[in-house]
file coords-v5.cif (mmCIF, C-alpha atoms and all ligand atoms)
data_run
loop_
_atom_site.label_atom_id
_atom_site.label_comp_id
_atom_site.auth_asym_id
_atom_site.auth_seq_id
_atom_site.Cartn_x
_atom_site.Cartn_y
_atom_site.Cartn_z
CA MET A 220 -18.88 0.08 8.83
CA ILE A 221 -18.39 1.41 5.36
CA ILE A 222 -18.00 5.16 5.54
CA LEU A 223 -18.63 7.22 2.47
CA LYS A 224 -16.43 10.24 2.10
CA HIS A 225 -17.75 13.11 0.08
CA VAL A 226 -15.30 14.97 -2.03
CA THR A 227 -15.88 18.65 -2.47
CA THR A 228 -13.51 20.74 -4.49
CA ASP A 229 -14.00 24.14 -5.97
CA ASN A 230 -12.49 24.05 -9.41
CA ARG A 231 -12.38 27.81 -9.90
CA LEU A 232 -10.34 28.21 -6.77
CA ASN A 233 -8.04 25.42 -7.85
CA LYS A 234 -7.36 27.15 -11.14
CA LEU A 235 -6.49 30.43 -9.48
CA ASN A 236 -4.06 28.70 -7.21
CA THR A 237 -2.39 26.52 -9.79
CA ILE A 238 0.73 28.59 -10.22
CA SER A 239 1.50 29.13 -6.59
CA GLU A 240 0.55 25.53 -5.85
CA ASN A 241 3.09 24.29 -8.35
CA ASP A 242 5.74 26.47 -6.74
CA GLU A 243 4.78 25.10 -3.38
CA ASN A 244 4.95 21.52 -4.61
CA ASP A 245 8.39 22.16 -6.06
CA SER A 246 9.76 23.65 -2.89
CA ILE A 247 8.34 20.79 -0.82
CA GLN A 248 9.88 18.25 -3.15
CA LYS A 249 13.20 20.08 -3.01
CA ALA A 250 13.13 20.20 0.78
CA LEU A 251 12.36 16.46 0.98
CA CYS A 252 15.27 15.73 -1.38
CA ASP A 253 17.60 17.84 0.73
CA VAL A 254 16.56 15.89 3.82
CA ALA A 255 17.07 12.61 1.96
CA ASN A 256 20.37 13.49 0.35
CA HIS A 257 22.16 15.31 3.12
CA GLN A 258 20.01 15.23 6.24
CA ASP A 259 19.44 18.94 5.83
CA LYS A 260 17.93 20.22 9.09
CA LYS A 261 16.84 23.57 7.65
CA ALA A 262 14.98 21.76 4.89
CA PHE A 263 13.29 19.52 7.41
CA GLU A 264 12.25 22.56 9.39
CA ILE A 265 10.48 23.90 6.30
CA LEU A 266 8.59 20.63 5.90
CA PHE A 267 7.82 20.47 9.60
CA LYS A 268 6.44 24.02 9.79
CA HIS A 269 4.36 23.45 6.66
CA PHE A 270 2.87 20.08 7.52
CA SER A 271 2.60 19.78 11.29
CA PRO A 272 -0.44 22.09 11.74
CA LYS A 273 -2.14 20.34 8.81
CA ILE A 274 -1.43 16.89 10.21
CA ARG A 275 -2.77 17.96 13.59
CA ALA A 276 -5.99 19.17 11.93
CA PHE A 277 -6.31 15.85 10.08
CA GLY A 278 -5.68 13.96 13.33
CA LEU A 279 -8.31 15.97 15.19
CA GLN A 280 -10.82 15.09 12.48
CA ARG A 281 -10.08 11.38 12.75
CA PHE A 282 -9.51 11.01 16.50
CA ARG A 283 -11.28 14.01 18.03
CA GLN A 284 -8.55 14.07 20.66
CA GLU A 285 -5.66 16.46 20.95
CA ALA A 286 -3.22 13.90 22.38
CA GLN A 287 -3.72 11.50 19.51
CA ALA A 288 -3.59 14.26 16.92
CA LEU A 289 -0.21 15.29 18.33
CA GLU A 290 1.00 11.71 18.33
CA LEU A 291 0.10 11.59 14.65
CA VAL A 292 2.12 14.76 13.97
CA GLN A 293 5.11 13.43 15.88
CA GLU A 294 5.13 9.96 14.32
CA THR A 295 4.48 11.15 10.77
CA MET A 296 7.17 13.81 10.84
CA LEU A 297 9.63 11.46 12.52
CA LEU A 298 9.13 8.96 9.71
CA VAL A 299 9.56 11.71 7.12
CA TRP A 300 12.85 12.60 8.78
CA ARG A 301 14.14 9.05 9.08
CA LYS A 302 12.82 7.54 5.86
CA ALA A 303 13.18 10.41 3.42
CA THR A 304 15.70 8.42 1.37
CA LEU A 305 12.92 6.02 0.40
CA PHE A 306 10.93 8.73 -1.35
CA ASN A 307 10.89 8.14 -5.08
CA ALA A 308 9.80 11.10 -7.19
CA GLU A 309 9.17 8.79 -10.13
CA LYS A 310 6.26 7.24 -8.29
CA GLY A 311 4.49 10.39 -7.19
CA LYS A 312 4.66 13.79 -5.58
CA ALA A 313 6.38 14.52 -2.28
CA THR A 314 3.11 15.82 -0.88
CA THR A 315 1.40 12.52 -1.73
CA TRP A 316 4.22 10.55 -0.14
CA ILE A 317 3.93 12.47 3.12
CA TYR A 318 0.15 12.02 3.04
CA THR A 319 0.51 8.24 2.69
CA ILE A 320 2.91 8.12 5.64
CA MET A 321 0.35 9.97 7.72
CA ARG A 322 -2.46 7.74 6.42
CA ASN A 323 -0.52 4.60 7.33
CA HIS A 324 0.23 5.70 10.84
CA CYS A 325 -3.33 6.86 11.28
CA PHE A 326 -4.58 3.43 10.25
CA ASP A 327 -2.38 1.73 12.85
CA MET A 328 -3.51 4.16 15.54
CA LEU A 329 -7.19 3.61 14.79
CA ARG A 330 -6.66 -0.13 14.80
CA LYS A 331 -4.90 0.04 18.13
CA LYS A 332 -7.78 2.08 19.52
CA MET A 333 -10.34 -0.46 18.32
CA THR A 334 -8.57 -3.76 18.98
CA GLN A 335 -5.80 -2.90 21.46
CA LYS A 336 -3.38 -4.43 18.99
CA GLU A 337 0.02 -2.82 18.63
CA ASP A 338 1.12 -4.46 15.40
CA GLN A 339 1.79 -2.13 12.51
CA VAL A 340 -0.20 -3.81 9.80
CA SER A 341 -0.17 -0.72 7.59
CA ASP A 342 3.34 -1.71 6.44
CA ASP A 343 1.84 -4.87 4.98
CA LEU A 344 -1.18 -3.18 3.39
CA TRP A 345 0.88 -0.36 1.87
CA PRO A 346 4.49 -1.56 1.79
CA MET A 347 6.03 1.78 0.91
CA LEU A 348 8.68 2.20 3.55
CA GLU A 349 10.93 -0.52 2.29
CA ASP A 350 13.51 -0.46 -0.36
CA GLU A 351 12.67 -2.37 -3.45
CA GLU A 352 15.30 -4.88 -4.35
CA VAL A 353 18.86 -3.82 -3.69
CA ILE A 354 20.62 -3.00 -6.92
CA GLU A 355 23.62 -5.10 -7.57
CA GLU A 356 26.11 -2.95 -9.28
CA ASP A 357 27.24 -5.63 -11.61
CA HIS A 358 30.06 -4.26 -13.63
CA LEU A 359 28.68 -5.20 -16.95
CA LEU A 360 30.03 -1.78 -17.46
CA SER A 361 32.40 -2.25 -20.30
CA ARG A 362 33.06 -0.42 -23.51
CA ASN A 363 30.00 -2.21 -24.76
CA LEU A 364 27.77 -0.56 -22.25
CA ILE A 365 29.19 2.92 -22.68
CA ALA A 366 28.52 2.59 -26.37
CA HIS A 367 24.85 2.03 -25.66
CA ILE A 368 24.40 4.80 -23.12
CA ASN A 369 23.14 7.08 -25.84
CA SER A 370 20.23 4.78 -26.48
CA LEU A 371 18.88 5.57 -23.01
CA PRO A 372 16.34 8.31 -22.32
CA LYS A 373 18.11 11.40 -20.96
CA PRO A 374 17.11 11.07 -17.29
CA GLN A 375 18.51 7.51 -17.18
CA ARG A 376 21.58 8.48 -19.19
CA ASP A 377 22.41 11.28 -16.75
CA VAL A 378 22.31 8.86 -13.83
CA VAL A 379 24.43 6.21 -15.53
CA GLU A 380 26.98 8.77 -16.70
CA ALA A 381 27.34 10.32 -13.27
CA LEU A 382 27.71 6.93 -11.60
CA TYR A 383 30.00 5.21 -14.05
CA ILE A 384 31.85 7.91 -15.93
CA LYS A 385 32.14 10.57 -13.25
CA GLU A 386 32.24 7.73 -10.69
CA LEU A 387 30.09 9.47 -8.13
CA SER A 388 28.30 7.63 -5.31
CA GLN A 389 24.50 7.29 -5.45
CA PRO A 390 23.87 10.05 -2.84
CA GLU A 391 26.29 12.31 -4.72
CA VAL A 392 24.41 11.71 -7.94
CA ALA A 393 21.18 12.53 -6.15
CA SER A 394 22.41 15.93 -5.05
CA LEU A 395 24.14 16.64 -8.35
CA LEU A 396 20.96 16.01 -10.32
CA LYS A 397 18.73 17.41 -7.57
CA ILE A 398 16.62 14.29 -7.46
CA PRO A 399 15.83 11.97 -4.54
CA LEU A 400 18.03 8.96 -3.86
CA GLY A 401 15.10 6.66 -4.57
CA THR A 402 14.82 8.15 -8.04
CA VAL A 403 18.52 7.56 -8.69
CA LYS A 404 17.97 3.93 -7.78
CA SER A 405 14.91 3.44 -9.92
CA ARG A 406 16.46 5.16 -12.93
CA LEU A 407 19.57 3.05 -12.54
CA ARG A 408 17.47 -0.07 -12.32
CA LEU A 409 15.60 0.85 -15.49
CA ALA A 410 18.78 1.79 -17.30
CA LEU A 411 20.60 -1.41 -16.37
CA SER A 412 17.76 -3.63 -17.43
CA LYS A 413 17.47 -1.79 -20.70
CA LEU A 414 21.21 -2.01 -21.35
CA LYS A 415 21.21 -5.69 -20.49
CA THR A 416 18.53 -6.35 -23.07
CA THR A 417 20.45 -4.35 -25.64
CA LEU A 418 23.61 -6.30 -24.93
CA GLU A 419 21.83 -9.63 -25.07
CA VAL A 420 20.36 -8.77 -28.44
CA ASP A 421 23.82 -7.83 -29.66
CA HIS A 422 25.32 -11.13 -28.60
CA ASP A 423 22.76 -13.21 -30.46
CA MET B 88 -7.79 -11.90 -16.90
CA ILE B 89 -9.30 -10.23 -13.86
CA LYS B 90 -12.90 -9.28 -14.52
CA HIS B 91 -14.17 -8.31 -11.09
CA HIS B 92 -12.73 -5.27 -9.35
CA PRO B 93 -13.51 -3.26 -6.22
CA ASN B 94 -15.53 -0.15 -7.03
CA GLU B 95 -14.24 3.42 -6.81
CA GLN B 96 -15.87 4.00 -3.44
CA LEU B 97 -14.14 1.03 -1.83
CA LEU B 98 -10.81 2.05 -3.34
CA ALA B 99 -11.24 5.55 -1.94
CA GLN B 100 -12.06 4.28 1.54
CA TYR B 101 -9.08 1.96 1.39
CA SER B 102 -6.65 4.61 0.29
CA SER B 103 -7.81 7.08 2.92
CA GLY B 104 -7.24 4.41 5.56
CA GLU B 105 -10.88 4.34 6.60
CA LEU B 106 -11.73 0.82 5.53
CA ALA B 107 -11.69 -1.98 8.11
CA PHE B 108 -8.57 -4.13 8.24
CA SER B 109 -10.39 -7.23 6.95
CA LEU B 110 -11.51 -5.49 3.76
CA SER B 111 -8.30 -3.49 3.41
CA ILE B 112 -6.41 -6.78 3.19
CA ALA B 113 -8.62 -7.80 0.27
CA ILE B 114 -8.12 -4.51 -1.58
CA SER B 115 -4.37 -4.51 -0.98
CA ALA B 116 -4.08 -8.09 -2.24
CA HIS B 117 -6.24 -7.31 -5.27
CA LEU B 118 -4.07 -4.28 -6.12
CA GLU B 119 -0.99 -6.47 -5.97
CA MET B 120 -2.53 -8.58 -8.74
CA CYS B 121 -4.29 -5.81 -10.73
CA PRO B 122 -2.24 -3.02 -12.41
CA GLN B 123 -5.46 -1.41 -13.63
CA CYS B 124 -6.77 -0.78 -10.11
CA GLN B 125 -3.28 0.14 -8.93
CA GLN B 126 -3.32 3.08 -11.33
CA LYS B 127 -6.76 4.12 -10.16
CA GLU B 128 -5.68 3.97 -6.56
CA GLN B 129 -2.62 6.12 -7.23
CA ARG B 130 -4.82 8.75 -8.78
CA ILE B 131 -7.24 8.61 -5.85
CA VAL B 132 -4.54 8.87 -3.22
CA ALA B 133 -2.97 11.86 -4.98
CA GLN B 134 -6.36 13.60 -4.91
CA GLN B 135 -6.86 12.75 -1.26
CA ALA B 136 -3.45 14.14 -0.43
CA GLU B 137 -4.22 17.41 -2.17
CA GLN B 138 -7.48 17.66 -0.33
CA ALA B 139 -5.95 16.90 3.04
CA TRP B 140 -3.22 19.51 2.62
CA ASP B 141 -5.63 22.05 1.15
CA ALA B 142 -7.91 22.15 4.16
CA ASP B 143 -8.54 25.71 5.31
CA ASN B 144 -9.01 26.89 8.85
CA VAL B 145 -5.94 25.10 9.99
CA GLU B 146 -4.96 26.47 13.33
CA GLU B 147 -1.43 27.74 13.53
CA ALA B 148 0.57 25.78 16.00
CA ASN B 149 4.03 25.83 17.40
CA PHE B 150 5.63 22.47 18.00
CA ASP B 151 9.20 23.62 18.43
CA ASP B 152 10.04 21.07 21.09
CA MET B 153 8.79 18.30 18.87
CA LEU B 154 10.85 19.60 15.98
CA GLN B 155 14.03 19.64 18.07
CA CYS B 156 13.29 16.19 19.37
CA ILE B 157 12.89 14.78 15.85
CA LEU B 158 16.03 16.49 14.59
CA ALA B 159 17.96 14.85 17.42
CA THR B 160 16.92 11.40 16.17
CA PRO B 161 19.58 9.76 14.05
CA ILE B 162 18.66 8.98 10.46
CA GLU B 163 19.10 5.46 9.23
CA ALA B 164 22.09 5.39 6.97
CA PRO B 165 20.81 4.92 3.43
CA LYS B 166 23.54 2.45 2.66
CA THR B 167 22.62 -0.16 5.26
CA LYS B 168 20.86 -2.53 3.00
CA THR B 169 19.34 -4.82 5.61
CA LEU B 170 17.32 -2.05 7.23
CA HIS B 171 14.53 -1.90 4.72
CA LYS B 172 15.09 -5.18 3.06
CA LYS B 173 11.84 -6.54 1.88
CA LYS B 174 10.37 -9.10 4.25
CA ALA B 175 9.50 -12.36 2.54
CA ASN B 176 5.85 -13.09 1.91
CA ASN B 177 4.22 -16.00 3.71
CA SER B 178 3.50 -19.16 1.85
CA VAL B 179 1.12 -21.98 2.68
CA SER B 180 1.11 -25.61 1.63
CA LEU B 181 -2.21 -27.37 1.27
CA GLU B 182 -3.24 -30.62 -0.36
CA GLY B 183 0.17 -30.97 -1.96
CA LYS B 184 0.30 -27.45 -3.39
CA THR B 185 2.26 -24.44 -2.18
CA TYR B 186 0.89 -20.91 -2.51
CA THR B 187 2.65 -17.60 -1.85
CA LEU B 188 0.29 -15.21 -0.14
CA PRO B 189 0.08 -11.51 -1.10
CA THR B 190 2.03 -9.00 1.00
CA ALA B 191 -1.08 -7.98 2.94
CA PHE B 192 -0.99 -11.37 4.67
CA ARG B 193 2.56 -10.96 5.93
CA SER B 194 1.59 -10.39 9.53
CA PHE B 195 -0.22 -13.73 9.77
CA GLU B 196 2.73 -15.95 10.37
CA GLN B 197 1.05 -18.80 12.14
CA LEU B 198 -2.12 -19.68 10.34
CA LYS B 199 -4.05 -22.51 11.93
CA TRP B 200 -5.68 -24.65 9.30
CA SER B 201 -8.54 -27.00 9.98
CA GLY B 202 -10.34 -29.25 7.55
CA PHE B 203 -13.97 -30.09 6.86
CA GLY B 204 -14.59 -32.35 3.87
CA THR B 205 -13.03 -30.79 0.81
CA ILE B 206 -12.57 -27.45 2.60
CA ASN B 207 -9.61 -26.18 4.58
CA ARG B 208 -9.97 -22.97 6.52
CA ALA B 209 -7.64 -20.66 8.44
CA ARG B 210 -9.15 -17.84 10.43
CA VAL B 211 -7.47 -14.53 9.71
CA ILE B 212 -9.64 -12.02 11.59
CA ASN B 213 -12.32 -12.40 14.21
CA ASP B 214 -11.96 -9.27 16.29
CA GLU B 215 -14.00 -6.86 14.16
CA GLN B 216 -17.42 -7.26 15.77
CA ASP B 217 -19.41 -9.59 13.51
CA VAL B 218 -16.83 -9.71 10.77
CA ARG B 219 -15.05 -12.96 10.07
CA ALA B 220 -12.22 -13.19 7.60
CA SER B 221 -10.61 -16.44 6.55
CA LEU B 222 -8.46 -18.11 4.01
CA LEU B 223 -10.43 -20.89 2.40
CA HIS B 224 -8.99 -23.67 0.34
CA ILE B 225 -11.35 -25.91 -1.61
CA LYS B 226 -10.00 -29.11 -3.05
CA GLN B 227 -10.58 -29.98 -6.67
CA GLY B 228 -14.16 -31.03 -7.26
CA GLY B 229 -15.28 -29.38 -4.04
CA GLU B 230 -18.35 -27.24 -3.61
CA ILE B 231 -20.30 -25.27 -1.06
CA PRO B 232 -24.08 -25.93 -1.03
CA ALA B 233 -26.43 -23.13 -2.08
CA HIS B 234 -26.52 -20.37 0.49
CA GLN B 235 -27.10 -16.69 0.98
CA HIS B 236 -25.89 -14.18 3.51
CA LYS B 237 -27.61 -11.77 5.82
CA GLY B 238 -24.78 -9.33 5.34
CA TYR B 239 -22.15 -9.11 2.65
CA GLU B 240 -19.79 -11.77 1.39
CA LEU B 241 -16.49 -10.85 -0.15
CA THR B 242 -14.39 -13.40 -1.98
CA LEU B 243 -10.96 -12.63 -3.35
CA LEU B 244 -9.63 -15.43 -5.47
CA LEU B 245 -5.93 -15.92 -4.73
CA ALA B 246 -5.30 -19.02 -6.82
CA GLY B 247 -7.18 -21.47 -9.03
CA SER B 248 -10.70 -20.80 -10.23
CA PHE B 249 -14.29 -21.46 -9.25
CA SER B 250 -17.73 -20.90 -10.68
CA ASP B 251 -21.26 -20.34 -9.48
CA GLU B 252 -24.64 -19.49 -10.97
CA HIS B 253 -23.36 -16.05 -11.94
CA GLY B 254 -20.12 -16.89 -13.68
CA THR B 255 -16.61 -18.25 -13.59
CA TYR B 256 -13.90 -16.55 -11.60
CA GLN B 257 -10.14 -16.40 -12.02
CA LYS B 258 -7.17 -15.51 -9.88
CA GLY B 259 -7.40 -11.88 -8.71
CA ASP B 260 -11.17 -11.55 -9.07
CA PHE B 261 -12.73 -9.47 -6.30
CA ILE B 262 -16.30 -10.60 -5.79
CA LEU B 263 -18.48 -8.64 -3.41
CA LEU B 264 -22.00 -10.02 -2.96
CA SER B 265 -24.69 -8.30 -0.98
CA GLY B 266 -26.94 -10.26 1.33
CA ASP B 267 -29.72 -11.09 -1.08
CA VAL B 268 -27.64 -12.99 -3.61
CA LYS B 269 -27.85 -16.79 -3.55
CA HIS B 270 -25.10 -18.92 -4.92
CA SER B 271 -23.44 -22.32 -4.75
CA PRO B 272 -19.78 -22.07 -5.68
CA LYS B 273 -17.90 -25.09 -6.94
CA THR B 274 -14.40 -25.62 -8.17
CA GLU B 275 -13.09 -28.10 -10.69
CA GLN B 276 -9.35 -27.71 -10.19
CA GLY B 277 -9.45 -26.39 -6.64
CA CYS B 278 -8.91 -22.86 -5.39
CA LEU B 279 -7.58 -20.68 -2.61
CA CYS B 280 -9.68 -17.68 -1.56
CA TYR B 281 -9.74 -14.97 1.03
CA THR B 282 -13.26 -14.41 2.31
CA VAL B 283 -14.84 -11.76 4.51
CA GLN B 284 -18.38 -11.98 5.85
CA ASP B 285 -20.29 -9.98 8.40
CA ALA B 286 -23.04 -12.50 9.11
CA PRO B 287 -23.34 -16.30 9.15
CA LEU B 288 -24.25 -18.20 6.01
CA HIS B 289 -27.82 -19.19 5.51
CA PHE B 290 -28.29 -22.45 3.61
CA MET B 291 -31.17 -22.64 1.19
CA SER B 292 -31.85 -26.35 1.03
CA GLY B 293 -34.10 -28.31 3.38
CA MET B 294 -31.00 -29.76 4.97
CA SER B 295 -30.00 -26.48 6.55
CA LYS B 296 -29.85 -28.08 9.99
CA VAL B 297 -27.56 -30.77 8.73
CA LEU B 298 -25.43 -28.14 7.05
CA ASN B 299 -25.23 -25.97 10.14
CA PRO B 300 -21.78 -27.15 11.22
CA LEU B 301 -20.47 -26.39 7.74
CA GLY B 302 -22.00 -22.92 7.94
CA LYS B 303 -20.28 -22.24 11.23
CA PHE B 304 -17.07 -23.57 9.82
CA ILE B 305 -17.09 -21.30 6.80
CA TYR B 306 -18.33 -18.14 8.49
ZN ZN C 1 -8.74 -4.46 -10.26
#

call {"tool": "encode", "arguments": {"input": "coords-v5.cif", "output": "structure tokens"}}
result
Amino acid sequence: MIILKHVTTDNRLNKLNTISENDENDSIQKALCDVANHQDKKAFEILFKHFSPKIRAFGLQRFRQEAQALELVQETMLLVWRKATLFNAEKGKATTWIYTIMRNHCFDMLRKKMTQKEDQVSDDLWPMLEDEEVIEEDHLLSRNLIAHINSLPKPQRDVVEALYIKELSQPEVASLLKIPLGTVKSRLRLALSKLKTTLEVDHD
Amino acid sequence: MIKHHPNEQLLAQYSSGELAFSLSIAISAHLEMCPQCQQKEQRIVAQQAEQAWDADNVEEANFDDMLQCILATPIEAPKTKTLHKKKANNSVSLEGKTYTLPTAFRSFEQLKWSGFGTINRARVINDEQDVRASLLHIKQGGEIPAHQHKGYELTLLLAGSFSDEHGTYQKGDFILLSGDVKHSPKTEQGCLCYTVQDAPLHFMSGMSKVLNPLGKFIY
């Protein structure tokens, strides 16, 4: 039952491709952000054209059946389209995120094939398609807080400034800073908790 | 502190989605308790992604209809908070104590517990050929007589602690024993475990016949 997967990579090849690979990763991440931030159909088309043949190939390897490979393409890309806002660049690359979505759906499909069960247990094994806690925008935002903004690392400071000083919405901040919405949320969460601690220390 | 972790090979099988559900539950639950393995797994999955997307000889394909069909699907508005709100994890109450189960157990809403001496058991999986997976609660002072397994025995300690001939185990420990290892676990303060086995227990003492019902109960 335990299947060993052998990893073969050619390091020389990898080195040669590093530059173009980085470019590719950047453009994929940008496309995913555009889908997340303003449902950009052109950007999704780029992702779709890039990934769908690869997902089909992966599906054929796992299922050895065209119909199931195509189902995997359809379901994975549909989730990328609908759930793009949950991508968080702080936690990993866009390409990894799309891989895990495919992996999850693949797991559920294999399970269905073996046990006839329709439940999507992959969401419980890898709970990645849910928002973390919802951020309460508590307006501890006072002169106090503004005074401490400079103590934040730049990425967090940019988010807090855009939200509270420029008074942009979270999706607006995402497109202004060219980062995914999930990243805005996680940076805000970090910044707020840091500011809270600073304020608490001050009050003591 | 967690001292027993799944090995690299198991982590890799888990993160590529190729490990059986029963064992995947154990890895997922261990990761929830173990930042060290979490980091490892993130590295592994990033490598696997690169490899999957790097594959050569990918046939060109044109799925234009599919693309149009997806683009016609409305996107969930990012502001609707309830849509992805985290589902609550299940909790169980046993012998006067309440435990919150790791996220991997979320789909098992109605666990059926049955008791046998100091042991309470709830079957989690029994549809993977010979594999049986259960939650096992052992009351304080409880023990399981010396036994060995024909196959493997995985124990993930979810709460409390127990010890056997080989050591003492704490919450989060991932203990995978192959068939030839004998042991007789006992717990002083009680414990809650998740266990996966692929063959019945084999008791070592002369009372194996007497112990048979217990063996069936635990497997
Ligand atoms: Zn670990």

call {"tool": "closest_atom_pairs", "arguments": {"input": "coords-v5.cif", "of": "chain B", "to": "ligand ZN 1 (chain C)", "cutoff": "9 Å", "atoms": "only C-alpha atoms and all ligand atoms", "output": "JSON lines"}}
result
{"residue": "B:Ile89", "atom": "CA", "partner": "C:ZN1", "partner_atom": "ZN", "distance": 6.8}
{"residue": "B:Lys90", "atom": "CA", "partner": "C:ZN1", "partner_atom": "ZN", "distance": 7.7}
{"residue": "B:His91", "atom": "CA", "partner": "C:ZN1", "partner_atom": "ZN", "distance": 6.7}
{"residue": "B:His92", "atom": "CA", "partner": "C:ZN1", "partner_atom": "ZN", "distance": 4.2}
{"residue": "B:Pro93", "atom": "CA", "partner": "C:ZN1", "partner_atom": "ZN", "distance": 6.4}
{"residue": "B:Asn94", "atom": "CA", "partner": "C:ZN1", "partner_atom": "ZN", "distance": 8.7}
{"residue": "B:Ile114", "atom": "CA", "partner": "C:ZN1", "partner_atom": "ZN", "distance": 8.7}
{"residue": "B:His117", "atom": "CA", "partner": "C:ZN1", "partner_atom": "ZN", "distance": 6.3}
{"residue": "B:Leu118", "atom": "CA", "partner": "C:ZN1", "partner_atom": "ZN", "distance": 6.2}
{"residue": "B:Met120", "atom": "CA", "partner": "C:ZN1", "partner_atom": "ZN", "distance": 7.6}
{"residue": "B:Cys121", "atom": "CA", "partner": "C:ZN1", "partner_atom": "ZN", "distance": 4.7}
{"residue": "B:Pro122", "atom": "CA", "partner": "C:ZN1", "partner_atom": "ZN", "distance": 7.0}
{"residue": "B:Gln123", "atom": "CA", "partner": "C:ZN1", "partner_atom": "ZN", "distance": 5.6}
{"residue": "B:Cys124", "atom": "CA", "partner": "C:ZN1", "partner_atom": "ZN", "distance": 4.2}
{"residue": "B:Gln125", "atom": "CA", "partner": "C:ZN1", "partner_atom": "ZN", "distance": 7.3}
{"residue": "B:Lys127", "atom": "CA", "partner": "C:ZN1", "partner_atom": "ZN", "distance": 8.8}
{"residue": "B:Gly259", "atom": "CA", "partner": "C:ZN1", "partner_atom": "ZN", "distance": 7.7}
{"residue": "B:Asp260", "atom": "CA", "partner": "C:ZN1", "partner_atom": "ZN", "distance": 7.6}
{"residue": "B:Phe261", "atom": "CA", "partner": "C:ZN1", "partner_atom": "ZN", "distance": 7.5}

call {"tool": "interface_residues", "arguments": {"input": "coords-v5.cif", "of": "chain A", "to": "chain B", "cutoff": "6 Å", "atoms": "only C-alpha atoms", "output": "PyMOL selection string"}}
result
chain A and resi 272+297+301+315+318+322+326+343-344+349-350

call {"tool": "axis_aligned_box", "arguments": {"input": "coords-v5.cif", "around": "stretch 105-113 of chain B", "padding_each_side": "5 Å", "output": "lines of an AutoDock Vina configuration file"}}
result
center_x = -9.1
center_y = -1.7
center_z = 4.3
size_x = 15.3
size_y = 22.1
size_z = 18.0

call {"tool": "atom_distance", "arguments": {"input": "coords-v5.cif", "atom1": "atom CA of A:Ala286", "atom2": "atom CA of A:Ser271"}}
result
13.8 Å

call {"tool": "residues_around", "arguments": {"input": "coords-v5.cif", "residues": "A:Asn369", "least_positions_apart": "6", "cutoff": "12 Å", "atoms": "all atoms listed in the file", "output": "list in words"}}
result
Asn363, Gln375, Arg376, Asp377, Val379, Glu380, Ala410, Lys413, Leu414 and Thr417 of chain A

call {"tool": "atom_distance", "arguments": {"input": "coords-v5.cif", "atom1": "atom CA of B:Leu288", "atom2": "atom CA of B:Lys269"}}
result
10.3 Å

call {"tool": "atom_distance", "arguments": {"input": "coords-v5.cif", "atom1": "atom CA of B:Ile262", "atom2": "atom CA of B:Ser180"}}
result
24.2 Å

call {"tool": "closest_residue", "arguments": {"input": "coords-v5.cif", "among": "A:Lys310, A:Gln389, A:Lys397, A:Ala276", "to": "A:Val292", "atoms": "all atoms listed in the file"}}
result
A:Ala276
